[in-house]
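*Asks:* I'm passing along data26.cif; it holds mmCIF, C-alpha atoms and all ligand atoms.
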data_entry
#
loop_
_atom_site.group_PDB
_atom_site.id
_atom_site.type_symbol
_atom_site.label_atom_id
_atom_site.label_comp_id
_atom_site.auth_asym_id
_atom_site.auth_seq_id
_atom_site.Cartn_x
_atom_site.Cartn_y
_atom_site.Cartn_z
ATOM 1 C CA MET A 1 164.424 197.282 -59.251
ATOM 2 C CA GLY A 2 167.416 198.620 -61.231
ATOM 3 C CA GLN A 3 168.171 202.279 -61.846
ATOM 4 C CA LEU A 4 167.275 201.892 -65.534
ATOM 5 C CA THR A 5 164.496 199.318 -65.366
ATOM 6 C CA ASN A 6 162.058 199.749 -68.293
ATOM 7 C CA LYS A 7 164.402 202.276 -69.935
ATOM 8 C CA THR A 8 165.960 202.030 -73.377
ATOM 9 C CA ALA A 9 169.493 203.294 -73.972
ATOM 10 C CA LEU A 10 171.700 203.768 -77.000
ATOM 11 C CA VAL A 11 175.469 203.498 -76.575
ATOM 12 C CA THR A 12 177.487 204.484 -79.641
ATOM 13 C CA GLY A 13 180.866 202.778 -79.722
ATOM 14 C CA GLY A 14 179.493 200.072 -77.452
ATOM 15 C CA ASN A 15 181.654 197.187 -78.610
ATOM 16 C CA SER A 16 184.846 198.129 -76.740
ATOM 17 C CA GLY A 17 186.354 199.968 -73.803
ATOM 18 C CA ILE A 18 184.291 202.610 -72.013
ATOM 19 C CA GLY A 19 181.213 202.109 -74.212
ATOM 20 C CA LEU A 20 181.112 198.369 -73.584
ATOM 21 C CA ALA A 21 181.560 198.890 -69.835
ATOM 22 C CA ALA A 22 178.692 201.415 -69.833
ATOM 23 C CA ALA A 23 176.472 199.095 -71.872
ATOM 24 C CA GLN A 24 177.168 196.358 -69.319
ATOM 25 C CA ARG A 25 176.325 198.688 -66.434
ATOM 26 C CA PHE A 26 173.085 199.780 -68.142
ATOM 27 C CA VAL A 27 172.033 196.159 -68.746
ATOM 28 C CA ASP A 28 172.863 195.271 -65.131
ATOM 29 C CA GLU A 29 170.535 198.108 -64.054
ATOM 30 C CA GLY A 30 167.653 196.761 -66.130
ATOM 31 C CA ALA A 31 167.898 198.716 -69.401
ATOM 32 C CA ARG A 32 167.392 197.510 -72.930
ATOM 33 C CA VAL A 33 170.552 198.646 -74.751
ATOM 34 C CA TYR A 34 171.294 199.318 -78.402
ATOM 35 C CA LEU A 35 175.018 199.361 -79.061
ATOM 36 C CA THR A 36 176.840 200.421 -82.182
ATOM 37 C CA GLY A 37 180.270 200.334 -83.760
ATOM 38 C CA ARG A 38 181.812 199.724 -87.155
ATOM 39 C CA ARG A 39 183.416 196.322 -86.490
ATOM 40 C CA LYS A 40 180.824 193.552 -86.792
ATOM 41 C CA PRO A 41 182.720 190.709 -85.044
ATOM 42 C CA GLU A 42 183.400 192.912 -81.985
ATOM 43 C CA LEU A 43 179.767 194.036 -81.980
ATOM 44 C CA ASP A 44 178.453 190.485 -82.111
ATOM 45 C CA ALA A 45 180.809 189.415 -79.314
ATOM 46 C CA ALA A 46 179.691 192.358 -77.169
ATOM 47 C CA ALA A 47 176.002 191.623 -77.751
ATOM 48 C CA GLU A 48 176.500 187.986 -76.813
ATOM 49 C CA ARG A 49 178.320 188.971 -73.626
ATOM 50 C CA LEU A 50 175.574 191.458 -72.690
ATOM 51 C CA GLY A 51 172.708 189.006 -73.210
ATOM 52 C CA ASP A 52 169.073 189.237 -74.299
ATOM 53 C CA ARG A 53 168.506 192.914 -73.547
ATOM 54 C CA ALA A 54 171.316 194.049 -75.875
ATOM 55 C CA VAL A 55 170.833 194.757 -79.579
ATOM 56 C CA ALA A 56 173.883 195.350 -81.782
ATOM 57 C CA VAL A 57 173.556 197.564 -84.865
ATOM 58 C CA GLN A 58 176.556 198.066 -87.127
ATOM 59 C CA SER A 59 176.753 201.800 -87.680
ATOM 60 C CA ASP A 60 179.422 204.434 -88.352
ATOM 61 C CA VAL A 61 178.698 207.783 -86.642
ATOM 62 C CA SER A 62 180.487 209.657 -89.411
ATOM 63 C CA ASP A 63 178.030 208.245 -92.013
ATOM 64 C CA LEU A 64 174.715 210.104 -91.970
ATOM 65 C CA GLY A 65 172.989 207.263 -93.838
ATOM 66 C CA ASP A 66 174.124 204.810 -91.169
ATOM 67 C CA LEU A 67 172.734 207.114 -88.481
ATOM 68 C CA ASP A 68 169.360 207.289 -90.266
ATOM 69 C CA ARG A 69 169.269 203.488 -90.529
ATOM 70 C CA LEU A 70 170.171 203.127 -86.847
ATOM 71 C CA PHE A 71 167.314 205.321 -85.626
ATOM 72 C CA GLN A 72 164.900 203.771 -88.131
ATOM 73 C CA ARG A 73 165.816 200.348 -86.715
ATOM 74 C CA ILE A 74 165.091 201.478 -83.147
ATOM 75 C CA ALA A 75 161.755 202.965 -84.264
ATOM 76 C CA ASP A 76 160.875 199.851 -86.295
ATOM 77 C CA ASP A 77 161.454 197.783 -83.140
ATOM 78 C CA GLY A 78 158.748 199.911 -81.516
ATOM 79 C CA ASN A 79 161.196 201.552 -79.128
ATOM 80 C CA ARG A 80 161.965 205.074 -78.015
ATOM 81 C CA LEU A 81 165.076 206.231 -76.138
ATOM 82 C CA ASP A 82 165.468 207.357 -72.532
ATOM 83 C CA VAL A 83 169.275 207.512 -72.553
ATOM 84 C CA LEU A 84 171.796 208.379 -75.257
ATOM 85 C CA PHE A 85 175.457 207.807 -74.422
ATOM 86 C CA ALA A 86 177.313 209.383 -77.349
ATOM 87 C CA ASN A 87 180.642 207.704 -76.764
ATOM 88 C CA ALA A 88 181.980 206.684 -80.195
ATOM 89 C CA GLY A 89 185.254 208.388 -80.877
ATOM 90 C CA GLY A 90 188.931 208.190 -80.524
ATOM 91 C CA GLY A 91 192.270 209.779 -80.706
ATOM 92 C CA GLU A 92 193.728 209.197 -84.093
ATOM 93 C CA ALA A 93 196.033 211.906 -85.464
ATOM 94 C CA LEU A 94 197.870 212.516 -82.196
ATOM 95 C CA GLN A 95 200.505 214.761 -83.706
ATOM 96 C CA PRO A 96 202.135 218.114 -83.034
ATOM 97 C CA LEU A 97 201.052 221.131 -85.048
ATOM 98 C CA ASP A 98 203.820 220.893 -87.628
ATOM 99 C CA ALA A 99 202.874 217.291 -88.489
ATOM 100 C CA LEU A 100 199.093 217.712 -88.771
ATOM 101 C CA THR A 101 197.450 216.872 -92.070
ATOM 102 C CA PRO A 102 194.081 218.088 -93.359
ATOM 103 C CA GLU A 103 193.025 214.451 -93.745
ATOM 104 C CA GLY A 104 193.846 213.563 -90.132
ATOM 105 C CA PHE A 105 192.128 216.719 -88.891
ATOM 106 C CA ASP A 106 188.963 216.021 -90.889
ATOM 107 C CA HIS A 107 188.924 212.366 -89.868
ATOM 108 C CA THR A 108 189.129 213.060 -86.135
ATOM 109 C CA PHE A 109 186.682 215.983 -86.230
ATOM 110 C CA GLY A 110 184.430 213.921 -88.527
ATOM 111 C CA ILE A 111 184.026 211.157 -85.958
ATOM 112 C CA ASN A 112 184.333 212.940 -82.625
ATOM 113 C CA VAL A 113 182.479 216.195 -83.391
ATOM 114 C CA ARG A 114 180.413 215.830 -86.564
ATOM 115 C CA GLY A 115 179.544 212.240 -85.639
ATOM 116 C CA THR A 116 178.376 213.240 -82.178
ATOM 117 C CA VAL A 117 176.467 216.318 -83.367
ATOM 118 C CA PHE A 118 174.419 214.364 -85.890
ATOM 119 C CA THR A 119 173.973 211.372 -83.593
ATOM 120 C CA VAL A 120 172.311 213.671 -81.064
ATOM 121 C CA GLN A 121 170.360 215.637 -83.679
ATOM 122 C CA LYS A 122 168.950 212.502 -85.292
ATOM 123 C CA ALA A 123 168.140 210.949 -81.901
ATOM 124 C CA LEU A 124 165.961 213.888 -80.845
ATOM 125 C CA PRO A 125 162.657 212.654 -82.337
ATOM 126 C CA LEU A 126 163.074 209.311 -80.551
ATOM 127 C CA LEU A 127 164.227 210.662 -77.193
ATOM 128 C CA ASN A 128 161.566 210.775 -74.504
ATOM 129 C CA ASP A 129 161.082 214.073 -72.698
ATOM 130 C CA GLY A 130 162.926 213.871 -69.371
ATOM 131 C CA GLY A 131 165.645 211.685 -70.866
ATOM 132 C CA SER A 132 169.396 211.956 -70.486
ATOM 133 C CA ILE A 133 172.108 212.621 -73.063
ATOM 134 C CA VAL A 134 175.707 211.966 -72.027
ATOM 135 C CA LEU A 135 178.596 213.120 -74.209
ATOM 136 C CA THR A 136 182.170 211.870 -73.875
ATOM 137 C CA GLY A 137 184.825 214.479 -73.257
ATOM 138 C CA SER A 138 188.426 214.003 -72.176
ATOM 139 C CA SER A 139 190.641 215.366 -69.432
ATOM 140 C CA SER A 140 193.102 216.275 -72.193
ATOM 141 C CA ALA A 141 190.682 219.040 -73.252
ATOM 142 C CA SER A 142 191.345 220.871 -69.974
ATOM 143 C CA ARG A 143 195.126 220.759 -70.217
ATOM 144 C CA GLY A 144 197.781 221.491 -72.797
ATOM 145 C CA VAL A 145 199.263 218.117 -73.705
ATOM 146 C CA ALA A 146 201.763 218.101 -76.574
ATOM 147 C CA GLY A 147 200.462 216.209 -79.580
ATOM 148 C CA PHE A 148 196.848 216.266 -78.405
ATOM 149 C CA GLY A 149 195.829 219.457 -80.237
ATOM 150 C CA VAL A 150 193.232 218.070 -82.636
ATOM 151 C CA TYR A 151 191.902 215.409 -80.309
ATOM 152 C CA SER A 152 191.559 217.695 -77.302
ATOM 153 C CA ALA A 153 189.959 220.382 -79.483
ATOM 154 C CA THR A 154 187.272 217.890 -80.542
ATOM 155 C CA LYS A 155 186.553 217.105 -76.908
ATOM 156 C CA ALA A 156 186.489 220.783 -75.894
ATOM 157 C CA ALA A 157 183.975 221.334 -78.695
ATOM 158 C CA LEU A 158 181.739 218.594 -77.302
ATOM 159 C CA SER A 159 181.668 220.067 -73.784
ATOM 160 C CA GLN A 160 180.570 223.365 -75.316
ATOM 161 C CA PHE A 161 177.888 221.672 -77.423
ATOM 162 C CA ALA A 162 176.649 220.034 -74.221
ATOM 163 C CA ARG A 163 176.168 223.415 -72.542
ATOM 164 C CA VAL A 164 174.307 224.828 -75.533
ATOM 165 C CA TRP A 165 172.137 221.753 -76.004
ATOM 166 C CA ALA A 166 171.370 221.748 -72.269
ATOM 167 C CA ALA A 167 169.845 225.207 -72.810
ATOM 168 C CA GLU A 168 168.038 224.256 -76.011
ATOM 169 C CA LEU A 169 166.603 220.996 -74.699
ATOM 170 C CA ALA A 170 165.698 222.030 -71.153
ATOM 171 C CA PRO A 171 162.092 222.842 -72.187
ATOM 172 C CA ARG A 172 161.696 219.122 -72.936
ATOM 173 C CA GLY A 173 163.268 218.142 -69.618
ATOM 174 C CA LEU A 174 166.127 216.559 -71.558
ATOM 175 C CA ARG A 175 169.419 216.814 -69.657
ATOM 176 C CA VAL A 176 172.792 216.983 -71.424
ATOM 177 C CA ASN A 177 176.039 216.374 -69.546
ATOM 178 C CA THR A 178 179.599 215.414 -70.407
ATOM 179 C CA VAL A 179 181.548 212.663 -68.698
ATOM 180 C CA VAL A 180 185.238 213.563 -68.719
ATOM 181 C CA PRO A 181 187.457 210.500 -68.420
ATOM 182 C CA GLY A 182 191.113 210.677 -67.565
ATOM 183 C CA PRO A 183 193.456 208.007 -68.931
ATOM 184 C CA THR A 184 191.481 204.776 -68.981
ATOM 185 C CA ASP A 185 192.844 201.345 -69.803
ATOM 186 C CA THR A 186 190.990 200.485 -73.009
ATOM 187 C CA PRO A 187 191.954 198.982 -76.365
ATOM 188 C CA GLY A 188 191.608 202.490 -77.791
ATOM 189 C CA LEU A 189 194.148 203.959 -75.372
ATOM 190 C CA ARG A 190 196.591 201.108 -75.882
ATOM 191 C CA GLY A 191 196.245 201.588 -79.642
ATOM 192 C CA LEU A 192 197.674 205.096 -79.388
ATOM 193 C CA ALA A 193 201.217 203.800 -78.971
ATOM 194 C CA ALA A 194 203.079 204.091 -82.254
ATOM 195 C CA ASP A 195 204.976 200.867 -81.499
ATOM 196 C CA PRO A 196 203.503 197.918 -79.521
ATOM 197 C CA ALA A 197 206.767 197.743 -77.566
ATOM 198 C CA GLU A 198 206.032 201.242 -76.232
ATOM 199 C CA VAL A 199 202.558 200.516 -74.808
ATOM 200 C CA SER A 200 203.717 199.790 -71.298
ATOM 201 C CA ALA A 201 205.908 202.916 -71.048
ATOM 202 C CA MET A 202 203.099 205.030 -72.508
ATOM 203 C CA LEU A 203 200.576 203.694 -69.975
ATOM 204 C CA ASP A 204 203.019 204.232 -67.097
ATOM 205 C CA GLY A 205 203.547 207.832 -68.200
ATOM 206 C CA MET A 206 199.800 208.443 -68.360
ATOM 207 C CA ALA A 207 199.251 206.828 -64.952
ATOM 208 C CA ALA A 208 201.914 209.116 -63.493
ATOM 209 C CA SER A 209 199.968 212.152 -64.759
ATOM 210 C CA THR A 210 197.179 211.417 -62.251
ATOM 211 C CA PRO A 211 197.532 212.114 -58.504
ATOM 212 C CA LEU A 212 196.083 208.634 -57.921
ATOM 213 C CA ASN A 213 199.013 207.350 -59.995
ATOM 214 C CA ARG A 214 197.070 204.829 -62.049
ATOM 215 C CA LEU A 215 194.793 204.444 -65.042
ATOM 216 C CA ALA A 216 191.033 204.139 -64.649
ATOM 217 C CA ASP A 217 189.308 200.857 -65.222
ATOM 218 C CA PRO A 218 186.535 201.360 -67.843
ATOM 219 C CA ALA A 219 184.007 200.236 -65.198
ATOM 220 C CA GLU A 220 184.911 203.302 -63.107
ATOM 221 C CA ILE A 221 183.952 205.588 -65.997
ATOM 222 C CA ALA A 222 180.813 203.518 -66.565
ATOM 223 C CA ASN A 223 179.726 204.153 -62.962
ATOM 224 C CA ALA A 224 179.805 207.900 -63.631
ATOM 225 C CA VAL A 225 177.976 207.471 -66.935
ATOM 226 C CA LEU A 226 175.250 205.513 -65.139
ATOM 227 C CA PHE A 227 174.944 208.346 -62.618
ATOM 228 C CA LEU A 228 174.509 210.910 -65.411
ATOM 229 C CA ALA A 229 172.129 208.621 -67.318
ATOM 230 C CA SER A 230 169.883 207.928 -64.337
ATOM 231 C CA ASP A 231 167.594 210.022 -62.156
ATOM 232 C CA GLN A 232 170.375 210.104 -59.538
ATOM 233 C CA SER A 233 171.690 213.169 -61.430
ATOM 234 C CA SER A 234 168.239 214.714 -61.992
ATOM 235 C CA PHE A 235 169.346 218.297 -61.162
ATOM 236 C CA MET A 236 172.458 218.217 -63.383
ATOM 237 C CA THR A 237 172.534 219.575 -66.910
ATOM 238 C CA GLY A 238 175.245 221.303 -68.940
ATOM 239 C CA SER A 239 177.820 219.929 -66.482
ATOM 240 C CA GLN A 240 181.115 218.167 -66.890
ATOM 241 C CA LEU A 241 181.777 215.255 -64.550
ATOM 242 C CA PHE A 242 185.521 214.644 -64.260
ATOM 243 C CA VAL A 243 186.494 211.012 -63.652
ATOM 244 C CA ASP A 244 190.200 211.496 -64.032
ATOM 245 C CA GLY A 245 192.006 210.460 -60.851
ATOM 246 C CA GLY A 246 192.400 214.154 -60.053
ATOM 247 C CA GLU A 247 194.448 214.818 -63.183
ATOM 248 C CA VAL A 248 192.821 218.172 -64.018
ATOM 249 C CA GLN A 249 191.786 219.632 -60.653
ATOM 250 C CA VAL A 250 194.595 218.510 -58.343
ATOM 251 C CA TYR A 251 198.232 219.539 -58.431
ATOM 252 C CA PRO A 252 200.056 216.204 -58.134
HETATM 253 N N1 LIG B 301 190.603 205.577 -72.896
HETATM 254 C C1 LIG B 301 190.873 206.818 -72.492
HETATM 255 O O1 LIG B 301 191.893 207.076 -71.843
HETATM 256 C C2 LIG B 301 189.915 207.936 -72.804
HETATM 257 C C3 LIG B 301 190.070 209.151 -72.098
HETATM 258 C C4 LIG B 301 189.215 210.188 -72.371
HETATM 259 C C5 LIG B 301 188.196 210.032 -73.308
HETATM 260 N N2 LIG B 301 188.071 208.853 -73.974
HETATM 261 C C6 LIG B 301 186.972 208.749 -74.941
HETATM 262 O O2 LIG B 301 186.155 207.658 -74.594
HETATM 263 C C7 LIG B 301 185.491 207.170 -75.761
HETATM 264 C C8 LIG B 301 185.684 205.662 -75.845
HETATM 265 O O3 LIG B 301 187.062 205.407 -76.042
HETATM 266 P P1 LIG B 301 187.769 204.066 -75.507
HETATM 267 O O4 LIG B 301 188.994 204.485 -74.803
HETATM 268 O O5 LIG B 301 186.784 203.177 -74.852
HETATM 269 O O6 LIG B 301 188.286 203.469 -76.906
HETATM 270 P P2 LIG B 301 187.957 202.109 -77.704
HETATM 271 O O7 LIG B 301 188.175 200.943 -76.815
HETATM 272 O O8 LIG B 301 188.761 202.218 -78.952
HETATM 273 O O9 LIG B 301 186.427 202.266 -78.051
HETATM 274 C C9 LIG B 301 186.016 203.191 -79.029
HETATM 275 C C10 LIG B 301 184.628 202.795 -79.481
HETATM 276 O O10 LIG B 301 184.173 203.753 -80.442
HETATM 277 C C11 LIG B 301 183.776 203.058 -81.618
HETATM 278 N N3 LIG B 301 183.954 203.926 -82.770
HETATM 279 C C12 LIG B 301 185.081 204.572 -83.164
HETATM 280 N N4 LIG B 301 184.843 205.253 -84.289
HETATM 281 C C13 LIG B 301 183.542 205.034 -84.600
HETATM 282 C C14 LIG B 301 182.700 205.452 -85.663
HETATM 283 N N5 LIG B 301 183.148 206.237 -86.664
HETATM 284 N N6 LIG B 301 181.414 205.038 -85.663
HETATM 285 C C15 LIG B 301 180.938 204.246 -84.684
HETATM 286 N N7 LIG B 301 181.687 203.795 -83.669
HETATM 287 C C16 LIG B 301 182.979 204.190 -83.642
HETATM 288 C C17 LIG B 301 184.654 201.808 -81.658
HETATM 289 O O11 LIG B 301 184.055 200.772 -82.417
HETATM 290 P P3 LIG B 301 184.524 200.460 -83.943
HETATM 291 O O12 LIG B 301 185.997 200.643 -84.005
HETATM 292 O O13 LIG B 301 184.064 199.055 -84.166
HETATM 293 O O14 LIG B 301 183.782 201.429 -84.794
HETATM 294 C C18 LIG B 301 184.633 201.443 -80.180
HETATM 295 O O15 LIG B 301 183.451 200.765 -79.846
HETATM 296 C C19 LIG B 301 186.074 207.950 -76.928
HETATM 297 O O16 LIG B 301 185.208 209.014 -77.269
HETATM 298 C C20 LIG B 301 187.381 208.482 -76.374
HETATM 299 O O17 LIG B 301 187.810 209.642 -77.035
HETATM 300 C C21 LIG B 301 188.891 207.801 -73.738
#
Could you express the structure from this file as structure tokens?
*Replies:*
Amino acid sequence: MGQLTNKTALVTGGNSGIGLAAAQRFVDEGARVYLTGRRKPELDAAAERLGDRAVAVQSDVSDLGDLDRLFQRIADDGNRLDVLFANAGGGEALQPLDALTPEGFDHTFGINVRGTVFTVQKALPLLNDGGSIVLTGSSSASRGVAGFGVYSATKAALSQFARVWAAELAPRGLRVNTVVPGPTDTPGLRGLAADPAEVSAMLDGMAASTPLNRLADPAEIANAVLFLASDQSSFMTGSQLFVDGGEVQVYP
């Protein structure tokens, strides 16, 4: 029997990178998984790879109407949720203070913070008591990394929401934790390089920022997400689980 047998999970941003790796891990452990994203071809490819227990729903977390349609679809299928992995997000607008624009600020906060807040709020009626909510932070939110001001502020905000929601939802036995990835080799991370020719140097620099001197594989983050999603972490709520190669806690 798998760790998530007979459970239903929702993974936002499940068509790529960390979300796809987590969706795969959940399916391998017996869950039925709804996965979302904006790009339909990537969603369809992910659902095909994951097999019969995966359901892809095209949905943008920054669009409240899309969120309503997503949860209506899950309800119409006769399902409730045991696990919510609120993972959709990214690091656009990586710029120093003097180059920030209101549009870039609103865009990144709109997806990473507003999108996550209303994903969780709108999931509440469908979440079973005793379920698990996992938010996606970032090691950059615990350090001062030039150019990461807006992005790391969105992730710091999420860790704080997790603590507050852990308090608010404890009476229902709902646990809320934040997985905190360090640099992880995903399409999203590679896309941060301004010039494709700079990807390799950028990844090497990020690897060197971790005492383990490498990037994470998305599957390594997914293992931690599974732990937080499952009963293995039954006495954890309001916590941050760092999966960062020691980047934040260890002096290299
Ligand atoms: N990779 C790292 O080093 C790293 C480190 C720390 C934290 N993180 C966090 O981990 C999460 C996953 O990132 P990743 O590295 O796996 O990047 P990725 O490969 O680009 O995956 C991002 C996922 O989020 C989805 N997404 C983005 N905006 C969305 C929106 N508005 N609505 C719905 N889905 C949306 C994308 O799908 P569509 O584009 O199709 O919408 C995609 O499935 C993010 O929250 C990121 O901030 C990553």
*Asks:* If you apply the PyMOL selection byres (((chain A and resi 171-173) around 8) and not hetatm) to this file, what residues do you get, as a list in words?
*Replies:*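 Applying the PyMOL selection byres (((chain A and resi 171-173) around 8) and not hetatm) to the structure shown produces Asp129, Gly130, Gly131, Glu168, Leu169, Ala170, Leu174 and Arg175 of chain A.
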*Asks:* Compute the set of protein, DNA and RNA residues whose minimum atom distance to ligand LIG 301 (chain B) is at most 6 Å, using all atoms listed in the file, and state it as a PyMOL selection string.
*Replies:* chain A and resi 12-19+37-39+59-62+87-91+111+136-138+181-189
*Asks:* Please check which residues have atoms at most 12 Å from (188.3, 215.8, -88.9) in the file's coordinates, counting all atoms listed in the file, and write them as a VMD selection string.
*Replies:* chain A and resid 62 89 to 93 100 to 115 150 to 151 153 to 154
*Asks:* Compute the distance from (169.0, 191.9, -68.6) to each atom, counting only C-alpha atoms, keep the residues with any atom at most 8 Å away, and return them as JSON, numbers by chain; use the coordinates of the file.
*Replies:* {"A": [27, 28, 29, 30, 31, 32, 50, 51, 52, 53, 54]}
*Asks:* Could you please determine the separation between CA of Phe148 in chain A and CA of Asp98 in chain A in Å, to one decimal place?
*Replies:* 12.5 Å
*Asks:* With all atoms listed in the file as the atoms that count, which of A:Ser200, A:Ser152, A:Ser230, A:Thr210 lies nearest to Ala9 in chain A?
*Replies:*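 Comparing A:Ser200, A:Ser152, A:Ser230, A:Thr210 against Ala9 in chain A, the winner is A:Ser230.
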*Asks:* What would range 218-231 of chain A look like with N, CA and C atoms in place, written as an mmCIF file, in the frame of the given file?
*Replies:*
data_model
loop_
_atom_site.group_PDB
_atom_site.id
_atom_site.type_symbol
_atom_site.label_atom_id
_atom_site.label_comp_id
_atom_site.auth_asym_id
_atom_site.auth_seq_id
_atom_site.Cartn_x
_atom_site.Cartn_y
_atom_site.Cartn_z
ATOM 1 N N PRO A 218 187.733 200.868 -67.142
ATOM 2 C CA PRO A 218 186.535 201.360 -67.843
ATOM 3 C C PRO A 218 185.278 201.307 -66.976
ATOM 4 N N ALA A 219 185.197 200.341 -66.068
ATOM 5 C CA ALA A 219 184.007 200.236 -65.198
ATOM 6 C C ALA A 219 183.861 201.461 -64.294
ATOM 7 N N GLU A 220 184.986 202.104 -63.964
ATOM 8 C CA GLU A 220 184.911 203.302 -63.107
ATOM 9 C C GLU A 220 184.306 204.484 -63.880
ATOM 10 N N ILE A 221 184.586 204.553 -65.168
ATOM 11 C CA ILE A 221 183.952 205.588 -65.997
ATOM 12 C C ILE A 221 182.471 205.243 -66.177
ATOM 13 N N ALA A 222 182.204 203.954 -66.364
ATOM 14 C CA ALA A 222 180.813 203.518 -66.565
ATOM 15 C C ALA A 222 179.945 203.862 -65.358
ATOM 16 N N ASN A 223 180.504 203.784 -64.155
ATOM 17 C CA ASN A 223 179.726 204.153 -62.962
ATOM 18 C C ASN A 223 179.263 205.603 -63.041
ATOM 19 N N ALA A 224 180.157 206.477 -63.507
ATOM 20 C CA ALA A 224 179.805 207.900 -63.631
ATOM 21 C C ALA A 224 178.792 208.109 -64.756
ATOM 22 N N VAL A 225 178.935 207.358 -65.825
ATOM 23 C CA VAL A 225 177.976 207.471 -66.935
ATOM 24 C C VAL A 225 176.591 207.032 -66.462
ATOM 25 N N LEU A 226 176.548 205.953 -65.684
ATOM 26 C CA LEU A 226 175.250 205.513 -65.139
ATOM 27 C C LEU A 226 174.636 206.615 -64.278
ATOM 28 N N PHE A 227 175.444 207.252 -63.462
ATOM 29 C CA PHE A 227 174.944 208.346 -62.618
ATOM 30 C C PHE A 227 174.324 209.444 -63.486
ATOM 31 N N LEU A 228 175.031 209.841 -64.543
ATOM 32 C CA LEU A 228 174.509 210.910 -65.411
ATOM 33 C C LEU A 228 173.288 210.438 -66.198
ATOM 34 N N ALA A 229 173.241 209.161 -66.522
ATOM 35 C CA ALA A 229 172.129 208.621 -67.318
ATOM 36 C C ALA A 229 170.862 208.452 -66.491
ATOM 37 N N SER A 230 171.020 208.295 -65.188
ATOM 38 C CA SER A 230 169.883 207.928 -64.337
ATOM 39 C C SER A 230 169.319 209.149 -63.613
ATOM 40 N N ASP A 231 168.217 208.930 -62.920
ATOM 41 C CA ASP A 231 167.594 210.022 -62.156
ATOM 42 C C ASP A 231 168.433 210.450 -60.958
#
